[in-house]
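Remarks on the structure that follows.
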2 protein chains.
Amino acid sequence: MLNKTMQHLGEERSVIRELFEYGNGRKKIVGEENVFDFSIGNPSVPTPDFVQKEIRRLIDTVPPEVLHGYTSAPGAQEVRKAVSDHIETKFGVPMSANLVYMTCGAAASIAIAVEALCEEGDEFVTVAPFYPEYRIYVEGSGAKLVVSQSDEKFHLDIEALDKAVGKHTKAVIINSPNNPTGAVLSAEELKALSALLEKKSLEKGETIFLIADEPYRELTYGAEVPFPMNFYHDTILCYSFSKSLSLAGERIGYIAVSPFACHADDLFSAVCGAGRRLGFVCAPALFQRVCAASLGKSCDVEKYRANRDLLYGALTSLGYECVPPEGAFYLFVKALEENAVAFSERAKKYELLLVPSDSFGVGGYVRISYCVPRAVIERSFPAFKKLYEEYRPRSL
Amino acid sequence: MLNKTMQHLGEERSVIRELFEYGNGRKKIVGEENVFDFSIGNPSVPTPDFVQKEIRRLIDTVPPEVLHGYTSAPGAQEVRKAVSDHIETKFGVPMSANLVYMTCGAAASIAIAVEALCEEGDEFVTVAPFYPEYRIYVEGSGAKLVVSQSDEKFHLDIEALDKAVGKHTKAVIINSPNNPTGAVLSAEELKALSALLEKKSLEKGETIFLIADEPYRELTYGAEVPFPMNFYHDTILCYSFSKSLSLAGERIGYIAVSPFACHADDLFSAVCGAGRRLGFVCAPALFQRVCAASLGKSCDVEKYRANRDLLYGALTSLGYECVPPEGAFYLFVKALEENAVAFSERAKKYELLLVPSDSFGVGGYVRISYCVPRAVIERSFPAFKKLYEEYRPRSL
């Protein structure tokens with residue numbers, strides 16, 4: 001009677017959301033300060049002042065029916081031009097405003113990019129650990145998600161990708177800086193990936209696209225994030241201002257189709273058509289303009305760095321194993337038993353809310369979101385210590 | 001290589017957008033004041049002051065990372081409660097916040113409702129003239145759109161609907177006040193439709209749903225808009241604040257699942273799942289809160305009424321035929337020749353931009369959006385007169 005797939009998708013609370021709700025319940029019982037909720041990736045660093053100022057300036061100076069009125073479907077022309085200029089200046093790509101499509105955030109960007117490309121029998125390849133919603137968008141479009149594992153430092157395993165990418169591959173989806181590991185792909189990795197995709201496209205006799213999901217581009221701790229369009233021609237860049245400007249709830253981002261892509265104009269048309277089909281009309285108008293004025297700026301990343309250093313230092317000195325994240329705001333920590341779900345359950349005993357890694361396509365880890373107030377991290381150390389000692393008693 | 005359906009959807013400019021762009025070109029050649037652009041339904045009445053004040057109040061009082069952070073996927077709990085309370089108080093329906101899902105506007109609401117319901121082999125029935133994007137959402141979900149014609153006053157033709165609704169019908173989509181005719185469905189019509197759907201559901205052995213698309217609910221000129229949930233149990237209400245608060249570009253609205261619906265909770269889950277699949281995460285956070293504080297209020301409808309009266313009076317006194325609109329801000333005028341596209345082309349000679357009715361599922365009319373400055377209407381009269389006289393010369 002209803003679409004059962006949709007009903008199931010709506011009923012199935014994500015593991016992350018489940019933990020978050022559990023935490024809210026525990027806070028009422030044991031007190032807010034005694035629960036260490038590392039479940040959700042909601043930015044904790046305040047939205048920068050220049051964003052709030054720009055909102056006020058726009059409200060004070062632009063007639064409201066213009067400011068809040070429809071923009072054209074791909075976005076206000078001046079906003080698209082600003083994004084295009086930014087990409088051209090910063091990354092040296094001869095971008096065009098006509099290849100920029102403003103979206104309702106990264107989720108919309110990915111869903112639209114997949115829908116624009118997907119034909120019957122297609123496969124999309126991604127690299128685990130990966131953002132779980134990729135599966136929803138790919139399967140929703142009628143395609144199959146093929147998961148290739150990364151190497152043990154969470155970087156590209158080109159040999160594994162060589163096996164995963166084949167005749168049915170329409171695109172490869174990468175995410176750097178990565179959620180949940182914080183890994184940043186290097187220029188060498190992008191070169192190797194590009195060479196692989198060129199070879200595979202030739203074998204297939206058709207272009208294989210690269211979808212680069214980059215909501216964490218601005219959130220790095222020194223690592224340079226190479227720009228994928230400078231490595232591979234047929235790239236669709238999916239960007240969001242959610243994390244860089246702490247605007248996650250405002251749903252604002254963009255798709256940029258590489259000007260080097262084969263039939264870039266047709267590809268852009270398909271992006272516009274996919275946006276239309278999925279029910280998008282235009283990206284939120286006020287925040288289109290706010291973000292156009294904030295390109296290249298970001299919130300105070302140093303606060304996340306301080307959190308990372310504090311947590312990474314404390315956990316590793318306790319004995320936990322973890323690759324230091326180069327970007328984003330997650331620590332991907334080895335669980336102290338093989339079963340990450342069981343480990344996450346055990347951690348609850350100490351009011352530690354850690355996301356088991358299974359939904360990211362890999363077992364045996366937990367994701368710790370450190371976009372939380374510093375005090376939460378500081379107060380959590382005794383709990384992490386007790387959890388560790390439960391698995392590895394000192395007396396042994 | 002790309003999805004050709006999406007590419008085509010993106011390439012095919014809507015007739016409305018085409019006219020609008022043509023008008024922008026003409027304005028540069030003959031001067032802005034000499035072009036009479038009635039193509040687009042972008043609200044012209046300013047966003048109310050209380051909306052701008054509420055934006056400022058929220059920015060001044062709520063921590064920005066909270067104000068602009070993620071809400072839960074169906075919306076902030078207090079916002080859903082406010083919408084639910086509003087529906088309960090105003091329409092006497094025992095609504096629940098757990099059946100309210102905040103959306104990125106009416107387009108998202110319809111796309112999500114259709115995706116939530118659609119199974120293989122389904123048909124969705126709508127009544128012409130209808131909003132053209134219904135076809136995109138229905139066909140995008142893999143279903144067939146069945147079009148039933150309205151009567152000559154653009155109200156429900158129950159006999160025609162009796163033939164259109166059958167064993168494959170999953171839902172009927174209605175739109176009142178109507179775009180493009182301004183017709184408002186009466187309580188008697190909703191009663192008759194409800195009786196029909198109950199009969200047809202019994203025959204089918206499964207629920208047939210009613211999707212009520214109501215972005216113009218607040219924009220009426222005295223006509224009462226009966227509340228569909230009070231007539232038919234299995235109703236999904238799709239609302240938007242775009243027109244009532246002149247916020248079309250901010251993409252904010254909601255879906256309310258009737259508490260009387262069969263398995264209402266499952267239906268709500270399917271709505272959540274469909275939103276997730278289509279790439280929606282949460283509705284824009286700032287405007288969720290702005291709209292929660294503006295429920296039951298609207299922009300200055302009297303300005304639209306004055307435009308309607310002025311234009312309707314002038315056109316009918318010139319000899320044009322038109323049913324007076326009871327709501328929304330469109331006049332649906334009989335073309336002076338059978339071919340509406342040819343008539344619209346002829347009107348361009350006088351710099352009149354009128355949307356031919358074919359994309360609304362009916363021939364022989366043009367849609368005139370009177371959400372324009374009053375001066376545009378006043379200046380357009382000589383042009384309408386010349387156009388009329390070209391078809392019906394006075395000397396004859």
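Ordering of the structure tokens sets the chain letters (A, B, ...); residue numbers start at 1 within each chain; ligands are numbered from 1 in the order shown.
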
Compile a residue-level contact table for stretch 267-323 of chain B against stretch 77-95 of chain B at a cut-off of 10 Å, reporting for every qualifying residue the shortest atom pair and its distance in Å to one decimal, with only C-alpha atoms counted, rows ordered by chain and ascending number, as a tab-separated table.
```
residue	atom	partner	partner_atom	distance
B:Ala285	CA	B:Val79	CA	9.9
B:Gln288	CA	B:Val79	CA	6.6
B:Arg289	CA	B:Val79	CA	6.3
B:Val290	CA	B:Val79	CA	9.3
B:Cys291	CA	B:Val79	CA	8.3
B:Ala292	CA	B:Val79	CA	5.4
B:Ala293	CA	B:Ala82	CA	8.1
B:Ser294	CA	B:Ala82	CA	9.9
B:Leu295	CA	B:His86	CA	6.9
B:Gly296	CA	B:His86	CA	7.5
```

Write out the residues from the selection above, keeping N, CA and C atoms, as an mmCIF file, in the first residue's frame.
```cif
data_model
loop_
_atom_site.group_PDB
_atom_site.id
_atom_site.type_symbol
_atom_site.label_atom_id
_atom_site.label_comp_id
_atom_site.auth_asym_id
_atom_site.auth_seq_id
_atom_site.Cartn_x
_atom_site.Cartn_y
_atom_site.Cartn_z
ATOM 1 N N ALA B 285 16.855 25.572 8.786
ATOM 2 C CA ALA B 285 16.625 25.662 10.228
ATOM 3 C C ALA B 285 16.107 27.032 10.670
ATOM 4 N N GLN B 288 12.532 27.451 9.530
ATOM 5 C CA GLN B 288 11.600 26.604 10.300
ATOM 6 C C GLN B 288 11.069 27.413 11.482
ATOM 7 N N ARG B 289 11.998 28.058 12.192
ATOM 8 C CA ARG B 289 11.622 28.778 13.414
ATOM 9 C C ARG B 289 10.849 30.056 13.089
ATOM 10 N N VAL B 290 11.284 30.745 12.008
ATOM 11 C CA VAL B 290 10.581 31.965 11.593
ATOM 12 C C VAL B 290 9.116 31.628 11.274
ATOM 13 N N CYS B 291 8.911 30.539 10.547
ATOM 14 C CA CYS B 291 7.555 30.197 10.118
ATOM 15 C C CYS B 291 6.712 29.707 11.286
ATOM 16 N N ALA B 292 7.342 29.021 12.239
ATOM 17 C CA ALA B 292 6.591 28.561 13.413
ATOM 18 C C ALA B 292 6.008 29.749 14.165
ATOM 19 N N ALA B 293 6.711 30.893 14.112
ATOM 20 C CA ALA B 293 6.234 32.089 14.803
ATOM 21 C C ALA B 293 5.236 32.882 13.954
ATOM 22 N N SER B 294 5.018 32.457 12.720
ATOM 23 C CA SER B 294 4.163 33.221 11.800
ATOM 24 C C SER B 294 2.944 32.422 11.358
ATOM 25 N N LEU B 295 2.644 31.331 12.044
ATOM 26 C CA LEU B 295 1.525 30.469 11.622
ATOM 27 C C LEU B 295 0.208 31.234 11.697
ATOM 28 N N GLY B 296 -0.593 31.088 10.657
ATOM 29 C CA GLY B 296 -1.901 31.748 10.634
ATOM 30 C C GLY B 296 -1.839 33.201 10.202
#
```

Each chain B residue no farther than 7 Å from chain A, nearest pair in Å, only C-alpha atoms, as CSV:
```
residue,atom,partner,partner_atom,distance
B:Met1,CA,A:Glu206,CA,6.9
B:Leu2,CA,A:Leu117,CA,4.6
B:Asn3,CA,A:Leu117,CA,5.1
B:Met6,CA,A:Gly273,CA,4.4
B:Gln7,CA,A:Ala270,CA,3.7
B:His8,CA,A:Gly273,CA,6.9
B:Leu9,CA,A:Gly273,CA,4.4
B:Gly10,CA,A:Gly273,CA,3.7
B:Glu11,CA,A:Ser269,CA,5.5
B:Asn42,CA,A:Gly69,CA,6.4
B:Pro43,CA,A:Glu65,CA,6.8
B:Ser44,CA,A:Glu65,CA,6.3
B:Val45,CA,A:Glu65,CA,6.8
B:Pro46,CA,A:Glu65,CA,4.8
B:Thr47,CA,A:Glu65,CA,5.5
B:Pro64,CA,A:Thr47,CA,5.5
B:Glu65,CA,A:Pro46,CA,4.8
B:His68,CA,A:Leu247,CA,5.0
B:Gly69,CA,A:Gly249,CA,4.4
B:Tyr70,CA,A:Gly249,CA,3.9
B:Thr71,CA,A:Gly249,CA,6.3
B:Ala107,CA,A:Gly279,CA,5.2
B:Ala108,CA,A:Gly279,CA,4.5
B:Ala111,CA,A:Gly279,CA,5.3
B:Ala116,CA,A:Asn3,CA,5.7
B:Leu117,CA,A:Leu2,CA,4.6
B:Cys118,CA,A:Asn3,CA,5.6
B:Glu119,CA,A:Asn3,CA,5.6
B:Ile136,CA,A:Arg277,CA,5.9
B:Tyr137,CA,A:Arg277,CA,5.9
B:Gly140,CA,A:Arg277,CA,6.0
B:Glu206,CA,A:Met1,CA,6.9
B:Ser246,CA,A:Glu65,CA,6.2
B:Leu247,CA,A:His68,CA,5.0
B:Ala248,CA,A:Gly69,CA,5.0
B:Gly249,CA,A:Tyr70,CA,3.9
B:Glu250,CA,A:Pro284,CA,4.4
B:Arg251,CA,A:Pro284,CA,5.9
B:Asp266,CA,A:Gln7,CA,6.4
B:Leu267,CA,A:Leu2,CA,6.9
B:Ser269,CA,A:Gly10,CA,4.5
B:Ala270,CA,A:Gln7,CA,3.6
B:Cys272,CA,A:Gly10,CA,4.7
B:Gly273,CA,A:Gly10,CA,3.7
B:Ala274,CA,A:Met6,CA,5.3
B:Arg277,CA,A:Ile136,CA,5.9
B:Leu278,CA,A:Leu278,CA,5.5
B:Gly279,CA,A:Ala108,CA,4.5
B:Phe280,CA,A:Ala108,CA,6.3
B:Val281,CA,A:Ala107,CA,6.9
B:Cys282,CA,A:Gly249,CA,6.7
B:Pro284,CA,A:Glu250,CA,4.4
B:Ala285,CA,A:Gly249,CA,4.9
B:Leu286,CA,A:Glu250,CA,6.8
```

Open item on the list: Let me make sure I understand: among B:Gly25, B:Leu190, B:Ala335, B:Lys303, which one has the smallest atom-to-atom distance to B:Asp37 if we use only C-alpha atoms?
Closed with: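 Of B:Gly25, B:Leu190, B:Ala335, B:Lys303, the one nearest B:Asp37, counting only C-alpha atoms, is B:Gly25.
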
Open item on the list: Please extract the residues of stretch 127-291 of chain B with a backbone DSSP assignment of alpha helix (DSSP H) and present them as a PyMOL selection string.
Closed with: chain B and resi 133-140+158-164+187-204+264-277+285-291

For the selection just defined, write its residues with N, CA and C atoms to a file, as a compact mmCIF listing (two decimals), in the first residue's frame.
```
# COMPACT_ATOMS: atom_id res chain seq x y z
N GLU B 133 4.74 20.50 -12.65
CA GLU B 133 5.78 19.67 -12.03
C GLU B 133 5.21 18.38 -11.44
N TYR B 134 3.90 18.28 -11.24
CA TYR B 134 3.32 17.01 -10.77
C TYR B 134 3.78 15.86 -11.66
N ARG B 135 3.79 16.14 -12.96
CA ARG B 135 4.17 15.09 -13.91
C ARG B 135 5.61 14.62 -13.66
N ILE B 136 6.49 15.59 -13.38
CA ILE B 136 7.91 15.25 -13.16
C ILE B 136 8.06 14.33 -11.94
N TYR B 137 7.37 14.68 -10.84
CA TYR B 137 7.52 13.89 -9.61
C TYR B 137 6.91 12.50 -9.78
N VAL B 138 5.74 12.45 -10.40
CA VAL B 138 5.05 11.17 -10.56
C VAL B 138 5.85 10.26 -11.48
N GLU B 139 6.27 10.78 -12.62
CA GLU B 139 7.03 9.94 -13.56
C GLU B 139 8.43 9.63 -13.00
N GLY B 140 9.01 10.56 -12.26
CA GLY B 140 10.31 10.33 -11.63
C GLY B 140 10.26 9.16 -10.64
N ILE B 158 -16.89 15.40 -11.09
CA ILE B 158 -16.85 14.12 -10.37
C ILE B 158 -17.05 12.94 -11.33
N GLU B 159 -17.87 13.13 -12.35
CA GLU B 159 -18.07 12.06 -13.34
C GLU B 159 -16.77 11.73 -14.08
N ALA B 160 -16.07 12.79 -14.45
CA ALA B 160 -14.78 12.57 -15.13
C ALA B 160 -13.80 11.86 -14.18
N LEU B 161 -13.81 12.28 -12.92
CA LEU B 161 -12.92 11.64 -11.93
C LEU B 161 -13.30 10.18 -11.71
N ASP B 162 -14.58 9.91 -11.75
CA ASP B 162 -15.07 8.54 -11.57
C ASP B 162 -14.45 7.62 -12.64
N LYS B 163 -14.28 8.17 -13.84
CA LYS B 163 -13.67 7.38 -14.92
C LYS B 163 -12.14 7.29 -14.76
N ALA B 164 -11.54 8.37 -14.24
CA ALA B 164 -10.07 8.42 -14.18
C ALA B 164 -9.50 7.57 -13.03
N ALA B 187 -16.75 22.93 0.08
CA ALA B 187 -17.00 21.79 0.97
C ALA B 187 -17.80 20.71 0.24
N GLU B 188 -18.76 21.11 -0.58
CA GLU B 188 -19.59 20.14 -1.31
C GLU B 188 -18.71 19.33 -2.26
N GLU B 189 -17.79 20.01 -2.92
CA GLU B 189 -16.90 19.29 -3.84
C GLU B 189 -16.04 18.28 -3.09
N LEU B 190 -15.50 18.71 -1.94
CA LEU B 190 -14.64 17.80 -1.17
C LEU B 190 -15.45 16.61 -0.65
N LYS B 191 -16.71 16.87 -0.30
CA LYS B 191 -17.59 15.77 0.14
C LYS B 191 -17.78 14.76 -0.99
N ALA B 192 -18.05 15.28 -2.16
CA ALA B 192 -18.29 14.40 -3.32
C ALA B 192 -17.02 13.63 -3.67
N LEU B 193 -15.87 14.32 -3.62
CA LEU B 193 -14.60 13.67 -3.92
C LEU B 193 -14.32 12.57 -2.89
N SER B 194 -14.58 12.90 -1.63
CA SER B 194 -14.35 11.95 -0.55
C SER B 194 -15.21 10.71 -0.74
N ALA B 195 -16.48 10.90 -1.06
CA ALA B 195 -17.39 9.76 -1.29
C ALA B 195 -16.86 8.90 -2.44
N LEU B 196 -16.40 9.56 -3.49
CA LEU B 196 -15.86 8.83 -4.64
C LEU B 196 -14.64 8.00 -4.25
N LEU B 197 -13.72 8.63 -3.49
CA LEU B 197 -12.48 7.93 -3.11
C LEU B 197 -12.78 6.78 -2.16
N GLU B 198 -13.76 6.95 -1.29
CA GLU B 198 -14.14 5.85 -0.40
C GLU B 198 -14.69 4.67 -1.20
N LYS B 199 -15.55 4.98 -2.15
CA LYS B 199 -16.12 3.93 -3.01
C LYS B 199 -15.00 3.23 -3.80
N LYS B 200 -14.12 4.03 -4.38
CA LYS B 200 -13.05 3.46 -5.21
C LYS B 200 -12.05 2.66 -4.38
N SER B 201 -11.80 3.10 -3.15
CA SER B 201 -10.90 2.36 -2.27
C SER B 201 -11.49 0.98 -1.96
N LEU B 202 -12.79 0.95 -1.71
CA LEU B 202 -13.47 -0.33 -1.46
C LEU B 202 -13.35 -1.24 -2.67
N GLU B 203 -13.61 -0.67 -3.84
CA GLU B 203 -13.52 -1.47 -5.07
C GLU B 203 -12.11 -2.02 -5.28
N LYS B 204 -11.14 -1.16 -4.97
CA LYS B 204 -9.74 -1.56 -5.17
C LYS B 204 -9.29 -2.55 -4.09
N ALA B 264 -1.45 5.66 10.01
CA ALA B 264 -0.85 6.99 9.87
C ALA B 264 0.64 6.98 10.22
N ASP B 265 1.03 6.19 11.23
CA ASP B 265 2.44 6.17 11.64
C ASP B 265 3.32 5.57 10.55
N ASP B 266 2.84 4.51 9.93
CA ASP B 266 3.60 3.91 8.83
C ASP B 266 3.71 4.90 7.67
N LEU B 267 2.61 5.57 7.39
CA LEU B 267 2.62 6.55 6.31
C LEU B 267 3.64 7.66 6.61
N PHE B 268 3.66 8.07 7.88
CA PHE B 268 4.64 9.10 8.25
C PHE B 268 6.07 8.58 8.10
N SER B 269 6.29 7.33 8.47
CA SER B 269 7.63 6.73 8.28
C SER B 269 8.02 6.75 6.81
N ALA B 270 7.06 6.42 5.95
CA ALA B 270 7.36 6.42 4.51
C ALA B 270 7.69 7.83 4.02
N VAL B 271 7.02 8.83 4.58
CA VAL B 271 7.33 10.22 4.24
C VAL B 271 8.79 10.54 4.65
N CYS B 272 9.15 10.15 5.86
CA CYS B 272 10.53 10.38 6.33
C CYS B 272 11.53 9.66 5.42
N GLY B 273 11.23 8.43 5.07
CA GLY B 273 12.12 7.64 4.21
C GLY B 273 12.26 8.27 2.83
N ALA B 274 11.15 8.75 2.29
CA ALA B 274 11.18 9.37 0.96
C ALA B 274 12.00 10.66 0.99
N GLY B 275 11.85 11.44 2.06
CA GLY B 275 12.65 12.66 2.19
C GLY B 275 14.13 12.32 2.19
N ARG B 276 14.46 11.27 2.94
CA ARG B 276 15.86 10.83 3.05
C ARG B 276 16.39 10.39 1.68
N ARG B 277 15.62 9.57 0.97
CA ARG B 277 16.04 9.05 -0.32
C ARG B 277 16.25 10.18 -1.35
N ALA B 285 16.85 25.57 8.79
CA ALA B 285 16.62 25.66 10.23
C ALA B 285 16.11 27.03 10.67
N LEU B 286 16.73 28.11 10.19
CA LEU B 286 16.30 29.45 10.59
C LEU B 286 14.84 29.67 10.21
N PHE B 287 14.48 29.33 8.97
CA PHE B 287 13.12 29.60 8.50
C PHE B 287 12.08 28.62 9.07
N GLN B 288 12.53 27.45 9.53
CA GLN B 288 11.60 26.60 10.30
C GLN B 288 11.07 27.41 11.48
N ARG B 289 12.00 28.06 12.19
CA ARG B 289 11.62 28.78 13.41
C ARG B 289 10.85 30.06 13.09
N VAL B 290 11.28 30.75 12.01
CA VAL B 290 10.58 31.97 11.59
C VAL B 290 9.12 31.63 11.27
N CYS B 291 8.91 30.54 10.55
CA CYS B 291 7.55 30.20 10.12
C CYS B 291 6.71 29.71 11.29
```
